[in-house]
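K.L.:
Quick one: this structure, given as structure tokens, is what I'll be asking you about.
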Amino acid sequence: MGPVMAGAGSLGARIGLQIGFTLLIILGNIFIFILAPILANSLERHYTFGGKELSVFSKMVGFQVFNTVVASSVYYFFEGDALTPVGRRHSWYVYGSGMVLNVLIGDTFIINLGIDLLQPGLLYARHVAAPAAHTQREMNQILSPKADIYLAFRLQLVTKLVVITLIYSSALPLCTLLTAAFMW
């Protein structure tokens with residue numbers, strides 16, 4: 001067990017650390033979701049809309065894969081005794097694999113069901129913002145779909161799941177099932 005988890009004495013503390021690391025990954029991903037389009041619009045010059053989408057896509061995929069791999073590798077590389085590879089492997093399978101599966105499950109179910117199916121922004125616009133509009137033109141503008149870089153967001157999520165599955169599926173065959181569930 002690595003020094004991070006060795007410092008956590010109880011099972012509850014270890015689960016708390018897992019949840020904490022998962023929340024750090026989510027916050028990092030939200031940060032890049034907000035920052036990448038802002039950078040593409042304000043600092044970069046794109047000759048085509050497709051170039052802007054490609055730039056946003058590349059930043060988001062690269063960061064999210066890096067973020068997930070680094071967070072799950074903490075359990076492998078920071079082992080107390082470097083001479084016992086069995087302990088390293090055990091520590092990673094117990095904690096690092098759980099981190100990878102948390103990310104894949106979150107992307108598969110939370111994003112697909114919670115964000116894309118329910119669409120909280122559209123629900124807010126439909127039930128709160130649109131009824132408060134003073135004119136039909138305002139209401140139409142509030143309810144019109146805004147698909148500025150929607151394709152880049154969807155494609156980066158699919159690419160991230162495929163890359164993470166290719167990296168970890170030999171150790172975690174469940175990754176393949178979760179990615180297949182996402183594609184379905």
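Within each chain, counting starts at residue 1; across the structure tokens, chains are named A, B, ... in the order shown, with ligands numbered 1 upward in that order.
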List every residue of chain A that DSSP, applied to the backbone, labels as alpha helix (DSSP H), and write the result as a PyMOL selection string.

P.N.:
chain A and resi 3-6+11-42+49-77+85-91+97-105+120-124+136-143+150-168+174-183

K.L.:
Within 12 Å of A:Ile167, counting only C-alpha atoms, which residues show up once you throw out same-chain ones fewer than 6 positions away? Write them as number ranges by chain, please.

P.N.:
A: 65-66, 68-69, 72, 97, 100, 160-161, 173, 175-176

K.L.:
Taking N, CA, C and O atoms for each residue, export the selection above as a PDB file, in the first residue's frame.

P.N.:
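Output file again37.pdb is given in full below:
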ATOM      1  N   VAL A  65      -7.246  12.511 -20.521  1.00  0.00           N
ATOM      2  CA  VAL A  65      -6.509  11.248 -20.472  1.00  0.00           C
ATOM      3  C   VAL A  65      -5.321  11.393 -19.532  1.00  0.00           C
ATOM      4  O   VAL A  65      -5.067  10.524 -18.683  1.00  0.00           O
ATOM      5  N   PHE A  66      -4.595  12.490 -19.638  1.00  0.00           N
ATOM      6  CA  PHE A  66      -3.459  12.742 -18.745  1.00  0.00           C
ATOM      7  C   PHE A  66      -3.911  12.773 -17.292  1.00  0.00           C
ATOM      8  O   PHE A  66      -3.295  12.164 -16.418  1.00  0.00           O
ATOM      9  N   THR A  68      -6.550  11.412 -15.854  1.00  0.00           N
ATOM     10  CA  THR A  68      -6.966  10.097 -15.381  1.00  0.00           C
ATOM     11  C   THR A  68      -5.772   9.174 -15.160  1.00  0.00           C
ATOM     12  O   THR A  68      -5.691   8.482 -14.151  1.00  0.00           O
ATOM     13  N   VAL A  69      -4.834   9.175 -16.100  1.00  0.00           N
ATOM     14  CA  VAL A  69      -3.665   8.295 -15.982  1.00  0.00           C
ATOM     15  C   VAL A  69      -2.809   8.706 -14.786  1.00  0.00           C
ATOM     16  O   VAL A  69      -2.361   7.858 -14.017  1.00  0.00           O
ATOM     17  N   SER A  72      -4.598   7.775 -11.431  1.00  0.00           N
ATOM     18  CA  SER A  72      -4.605   6.349 -11.121  1.00  0.00           C
ATOM     19  C   SER A  72      -3.197   5.803 -10.908  1.00  0.00           C
ATOM     20  O   SER A  72      -3.016   4.800 -10.226  1.00  0.00           O
ATOM     21  N   SER A  97      -7.125   0.909  -9.963  1.00  0.00           N
ATOM     22  CA  SER A  97      -8.155   0.393 -10.865  1.00  0.00           C
ATOM     23  C   SER A  97      -9.530   0.925 -10.482  1.00  0.00           C
ATOM     24  O   SER A  97     -10.355   1.207 -11.358  1.00  0.00           O
ATOM     25  N   VAL A 100      -9.874   4.330 -12.063  1.00  0.00           N
ATOM     26  CA  VAL A 100     -10.175   4.265 -13.498  1.00  0.00           C
ATOM     27  C   VAL A 100     -11.644   3.897 -13.713  1.00  0.00           C
ATOM     28  O   VAL A 100     -12.338   4.496 -14.531  1.00  0.00           O
ATOM     29  N   LYS A 160     -11.905   9.848 -25.287  1.00  0.00           N
ATOM     30  CA  LYS A 160     -11.325   9.608 -23.963  1.00  0.00           C
ATOM     31  C   LYS A 160     -11.660   8.206 -23.471  1.00  0.00           C
ATOM     32  O   LYS A 160     -10.785   7.487 -22.967  1.00  0.00           O
ATOM     33  N   LEU A 161     -12.912   7.798 -23.613  1.00  0.00           N
ATOM     34  CA  LEU A 161     -13.292   6.460 -23.169  1.00  0.00           C
ATOM     35  C   LEU A 161     -12.551   5.376 -23.945  1.00  0.00           C
ATOM     36  O   LEU A 161     -12.092   4.389 -23.364  1.00  0.00           O
ATOM     37  N   PRO A 173     -10.687  -5.801 -17.737  1.00  0.00           N
ATOM     38  CA  PRO A 173     -11.592  -6.085 -18.856  1.00  0.00           C
ATOM     39  C   PRO A 173     -12.953  -5.395 -18.730  1.00  0.00           C
ATOM     40  O   PRO A 173     -13.647  -5.207 -19.726  1.00  0.00           O
ATOM     41  N   CYS A 175     -13.446  -2.403 -18.368  1.00  0.00           N
ATOM     42  CA  CYS A 175     -13.393  -1.156 -19.155  1.00  0.00           C
ATOM     43  C   CYS A 175     -14.069  -1.336 -20.506  1.00  0.00           C
ATOM     44  O   CYS A 175     -14.764  -0.436 -20.983  1.00  0.00           O
ATOM     45  N   THR A 176     -13.868  -2.486 -21.118  1.00  0.00           N
ATOM     46  CA  THR A 176     -14.457  -2.741 -22.427  1.00  0.00           C
ATOM     47  C   THR A 176     -15.976  -2.756 -22.343  1.00  0.00           C
ATOM     48  O   THR A 176     -16.661  -2.189 -23.194  1.00  0.00           O
TER      49      THR A 176
END

K.L.:
Tell me, counting only C-alpha atoms, for each residue of stretch 21-120 of chain A within 8 Å of stretch 130-152 of chain A, which pair of atoms is nearest and how far apart they are in Å to one decimal, in rows ordered by chain and increasing number, as a tab-separated table.

P.N.:
residue	atom	partner	partner_atom	distance
A:Glu53	CA	A:Ala152	CA	5.4
A:Leu54	CA	A:Ala152	CA	6.9
A:Val56	CA	A:Ala152	CA	6.6
A:Phe57	CA	A:Ala152	CA	5.0

K.L.:
Give me the residues within 12 Å of A:Phe21 as number ranges by chain, counting only C-alpha atoms and dropping any in the same chain fewer than 3 places off.

P.N.:
A: 4-5, 14-18, 24-28, 67-68, 70-75, 95-96, 98-100, 102-103

K.L.:
Go through A:Leu155, A:Phe31, A:Leu104, A:Gly20 one by one, measure the shortest atom-to-atom distance of each to A:Leu174 using only C-alpha atoms, and give the residue with the smallest value.

P.N.:
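Selected residue with least distance to A:Leu174: A:Leu104.
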
K.L.:
Expressed in Å to a single decimal, how great is the separation between atom CA of A:Val163 and atom CA of A:Val61?

P.N.:
9.2 Å

K.L.:
Work out how far apart atom CA of A:Leu177 and atom CA of A:Arg154 are and give it in Å to one decimal.

P.N.:
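Value for the atom CA of A:Leu177-atom CA of A:Arg154 distance: 19.2 Å.
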
K.L.:
Might you pull out every residue within 8 Å of A:Ala40, with only C-alpha atoms counted and same-chain residues fewer than 6 positions away left off, and present them as a PyMOL selection string?

P.N.:
chain A and resi 46+52+55-56

K.L.:
Take the residues that were just selected and, keeping all heavy atoms, output them as a CSV table (one decimal), in the first residue's frame.

P.N.:
chain,number,residue,atom,x,y,z
A,46,HIS,N,-8.5,30.9,-35.6
A,46,HIS,CA,-8.9,29.7,-36.4
A,46,HIS,C,-9.5,30.2,-37.7
A,46,HIS,O,-10.4,31.0,-37.7
A,46,HIS,CB,-9.9,28.8,-35.6
A,46,HIS,CG,-9.3,28.3,-34.3
A,46,HIS,ND1,-8.4,27.3,-34.3
A,46,HIS,CD2,-9.6,28.7,-33.1
A,46,HIS,CE1,-8.1,27.1,-33.0
A,46,HIS,NE2,-8.8,27.9,-32.2
A,52,LYS,N,-11.4,25.3,-35.0
A,52,LYS,CA,-11.7,25.6,-33.6
A,52,LYS,C,-12.2,24.4,-32.9
A,52,LYS,O,-11.7,24.1,-31.8
A,52,LYS,CB,-12.7,26.7,-33.6
A,52,LYS,CG,-13.1,27.1,-32.1
A,52,LYS,CD,-13.9,28.4,-32.1
A,52,LYS,CE,-15.4,28.0,-31.9
A,52,LYS,NZ,-16.2,29.1,-31.6
A,55,SER,N,-9.2,22.1,-32.2
A,55,SER,CA,-8.4,22.7,-31.1
A,55,SER,C,-9.0,22.4,-29.8
A,55,SER,O,-8.3,21.9,-28.8
A,55,SER,CB,-8.2,24.2,-31.3
A,55,SER,OG,-7.5,24.7,-30.2
A,56,VAL,N,-10.2,22.6,-29.6
A,56,VAL,CA,-10.9,22.4,-28.3
A,56,VAL,C,-10.9,20.9,-28.0
A,56,VAL,O,-10.6,20.4,-26.9
A,56,VAL,CB,-12.4,22.9,-28.4
A,56,VAL,CG1,-13.2,22.5,-27.2
A,56,VAL,CG2,-12.3,24.4,-28.4
